[in-house]
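Chemist: What follows is a structure written as structure tokens; I'll ask about it next.
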Amino acid sequence: MPGSALERLSVLIVEDNQHMRSLLRSLLNSIGIREIYEAGHGSAALAVLADKRCDLVLSDLSMKPMDGIDFTREIRQSPKSTNPFLPIIMITGHTEKHRVEAARDAGVTEFLAKPITAQSLFARIAQIMENPRAFVRCASYFGPDRRRKAQEDYAGPWRRSDDTQDVHVR
Amino acid sequence: MKKADFIAPDAYPQPVSRGDAARISRALKSSGVLENGARVIQQSSPLLRMGVLDYVRALEQAVGDLATVFDKAHEIRGFAETAGLRATGRIADGLCRYLEEAAKLGVAADSAVVALHVSAIVRAAHAKDEASRMSDVVARELSALAAHKLAEAKTGLAAN
């Protein structure tokens with residue numbers, strides 16, 4: 001798609017398997033994305049982000065020495081983070097609920113289940129571009145709003161049943 | 001005292017304008033782009049297959065080390081189908097689910113069940129007719145065996 005806005009996007013792939021990195025790069029190339037950086041684990045990815053501007057991250061969950069959960073937490077919470085709002089797509093084959101919940105609570109934007117398909121990857125990218133998530137900052141969490149759907153029939157000020165104090169909307 | 005800040009998408013920098021985002025979204029859902037993407041995956045499958053076979057070799061060598069067996073089986077299940085090794089992926093998925101379920105129950109995984117899965121993964125990954133009916137039968141039988149062993153373990157736990 002020459003001339004499209006996709007050509008101006010830069011993407012970081014964080015994946016310990018070189019074959020999967022290569023496949024993801026080819027898929028991104030096929031939609032016109034040219035500026036692509038690669039890292040084999042979370043620590044290497046943080047080094048890339050300290051030096052390069054990236055608009056989107058595709059990250060594996062299981063990696064060593066730093067996995068995708070700790071990497072996400074660093075992006076969202078570290079004072080050194082260059083963009084705490086960076087969209088992160090977590091690519092995972094894990095079906096264990098606690099691992100998926102841990103990734104969500106670290107601040108992942110979207111999940112992409114393995115085995116990946118072109119359609120599933122492109123759908124996540126489209127979702128992030130067209131419907132960017134609101135962010136929430138509170139004492140125990142900073143990251144995308146974990147509740148995706150607003151209740152249309154509810155007009156009150158609280159977001160949870162135990163909310164009894166102010167929620168500030170910027 | 002405030003409880004939380006809610007930061008709307010307009011209040012932080014976006015990588016593209018709303019107009020560009022809508023155009024990108026339309027483009028990424030178009031049939032031409034999706035067909036092209038599917039072709040990319042198909043063309044990458046020989047390379048991916050080599051990657052899966054690397055994991056299969058590591059899996060074979062890891063028998064007895066359950067943590068490594070799980071790690072490698074997990075990589076295989078995530079990778080194999082994209083590489084065109086559907087039956088290999090399915091059997092690896094069965095092994096991962098069995099190990100996850102056994103861990104959840106707090107019981108030791110049956111070494112024979114693990115060994116049978118590993119052996120089936122190795123055979124399927126190297127078979128010329130990988131996606132054959134026989135591979136499906138093997139995957140089904142192994143799944144039934146794993147379910148039976150887990151049911152036995154649950155009964156044993158309930159009795160204690």
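Please note that chains go A, B, ... in the order of the structure tokens, that every chain numbers its residues from 1, and that ligands are numbered from 1 in the order shown.
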Could you build a table of the residues in region 32-125 of chain B lying no more than 12 Å from region 144-156 of chain B, giving for each the nearest pair of atoms and their separation in Å rounded to one decimal place, using only C-alpha atoms, ordered by chain and ascending residue number, as CSV?
Modeler:
residue,atom,partner,partner_atom,distance
B:Ile91,CA,B:Ala146,CA,11.2
B:Asp93,CA,B:Ala146,CA,11.8
B:Gly94,CA,B:Ala146,CA,8.0
B:Leu95,CA,B:Ala146,CA,8.2
B:Cys96,CA,B:Ala146,CA,10.6
B:Arg97,CA,B:Ala146,CA,9.0
B:Tyr98,CA,B:Ala146,CA,6.1
B:Leu99,CA,B:Ala146,CA,9.3
B:Glu100,CA,B:Leu150,CA,10.9
B:Glu101,CA,B:Leu150,CA,7.7
B:Ala102,CA,B:Leu150,CA,6.9
B:Ala103,CA,B:Leu150,CA,10.6
B:Lys104,CA,B:Leu150,CA,10.7
B:Leu105,CA,B:Lys154,CA,7.5
B:Gly106,CA,B:Ala153,CA,9.5
B:Val107,CA,B:Ala153,CA,7.0
B:Ala108,CA,B:Ala153,CA,9.1
B:Ala109,CA,B:Leu150,CA,8.9
B:Asp110,CA,B:Lys149,CA,7.7
B:Ser111,CA,B:Lys149,CA,11.0
B:Ala112,CA,B:Ala146,CA,10.1
B:Val113,CA,B:Ala146,CA,6.6
B:Val114,CA,B:Ala146,CA,9.0
B:Ala115,CA,B:Ala146,CA,11.7
B:Leu116,CA,B:Leu145,CA,9.9
B:His117,CA,B:Ala146,CA,9.5
Chemist: Counting only C-alpha atoms, a student should be able to say which residues of chain A come within 8 Å of chain B; what is the right answer, written as a ChimeraX atom specification?
Modeler: /A:4-6,9,19-20,23,26-27,30-31,55,85,92-94,96,114-119,122-123,125-127,129-130,132-139,163,165-170
Chemist: As a list in words, list the residues of chain B assigned to strand (DSSP E or B) by DSSP on the backbone atoms of this structure.
Modeler: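 Selecting the strand (DSSP E or B) positions of chain B gives Ala4, Asp5, Phe6 and Ile7 of chain B.
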Chemist: Could you save the residues just selected, with N, CA, C and O atoms, as a compact mmCIF listing (two decimals), in the first residue's frame?
Modeler:
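Saved the output as part-v4.txt:
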# COMPACT_ATOMS: atom_id res chain seq x y z
N ALA B 4 -9.05 7.56 40.68
CA ALA B 4 -8.37 7.19 39.44
C ALA B 4 -8.45 8.32 38.43
O ALA B 4 -9.42 9.07 38.42
N ASP B 5 -7.42 8.39 37.59
CA ASP B 5 -7.47 9.28 36.43
C ASP B 5 -7.86 8.46 35.22
O ASP B 5 -7.29 7.38 34.98
N PHE B 6 -8.81 8.97 34.46
CA PHE B 6 -9.24 8.29 33.25
C PHE B 6 -8.77 9.16 32.09
O PHE B 6 -9.19 10.31 31.97
N ILE B 7 -7.86 8.64 31.27
CA ILE B 7 -7.24 9.46 30.22
C ILE B 7 -7.81 9.05 28.85
O ILE B 7 -7.55 7.94 28.36
Chemist: What is the CA of Ile36 (chain A) to CA of Glu15 (chain A) distance in Å?
Modeler: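 Going from CA of Ile36 (chain A) over to CA of Glu15 (chain A) covers 13.0 Å.
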Chemist: Any idea what's packed within 8 Å of Ser43 (chain A), counting only C-alpha atoms, ignoring anything in its chain fewer than 5 positions away? Could you give it as a short mmCIF file (atom, residue, chain, number, x, y, z; two decimals) with all heavy atoms, in the first residue's frame?
Modeler:
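Ended up saving to selection27.cif:
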data_model
loop_
_atom_site.label_atom_id
_atom_site.label_comp_id
_atom_site.auth_asym_id
_atom_site.auth_seq_id
_atom_site.Cartn_x
_atom_site.Cartn_y
_atom_site.Cartn_z
N PRO A 65 16.04 -13.11 29.06
CA PRO A 65 15.84 -13.03 30.51
C PRO A 65 14.62 -12.19 30.92
O PRO A 65 14.15 -12.34 32.04
CB PRO A 65 17.13 -12.35 30.99
CG PRO A 65 17.57 -11.53 29.84
CD PRO A 65 17.16 -12.27 28.61
N MET A 66 14.14 -11.31 30.06
CA MET A 66 12.96 -10.52 30.44
C MET A 66 11.78 -10.91 29.56
O MET A 66 11.86 -10.82 28.34
CB MET A 66 13.23 -9.01 30.30
CG MET A 66 12.05 -8.15 30.76
SD MET A 66 12.25 -6.40 30.42
CE MET A 66 13.26 -5.92 31.80
N PHE A 71 8.42 -6.65 30.48
CA PHE A 71 8.70 -5.64 29.45
C PHE A 71 7.56 -4.62 29.38
O PHE A 71 7.78 -3.39 29.39
CB PHE A 71 8.89 -6.35 28.11
CG PHE A 71 8.92 -5.45 26.91
CD1 PHE A 71 9.88 -4.47 26.78
CD2 PHE A 71 7.96 -5.58 25.91
CE1 PHE A 71 9.89 -3.62 25.67
CE2 PHE A 71 7.96 -4.76 24.81
CZ PHE A 71 8.94 -3.77 24.69
#
Chemist: Enumerate as a VMD selection string all residues of region 12-147 of chain B assigned to helix (DSSP H, G or I) by DSSP on the backbone, naming them with the chain letters and numbers the document uses.
Modeler: chain B and resid 18 to 28 31 to 61 66 to 79 86 to 105 111 to 126 133 to 147
Chemist: Just how far from CA of Leu121 (chain A) is CA of Ile33 (chain A), in Å to one decimal?
Modeler: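 Here the two named atoms are 13.5 Å from each other.
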Chemist: Compare A:Asn131, A:Gln77, A:Ser120, A:Thr72 by their minimum atom-to-atom distance to Arg104 (chain A), counting only C-alpha atoms, and give me the closest one.
Modeler: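 Result for the nearest residue to Arg104 (chain A): A:Thr72.
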Chemist: Figure out the distance between CA of His41 (chain A) and CA of Ser62 (chain A), please, to one decimal in Å.
Modeler: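 Here the two named atoms are 8.8 Å from each other.
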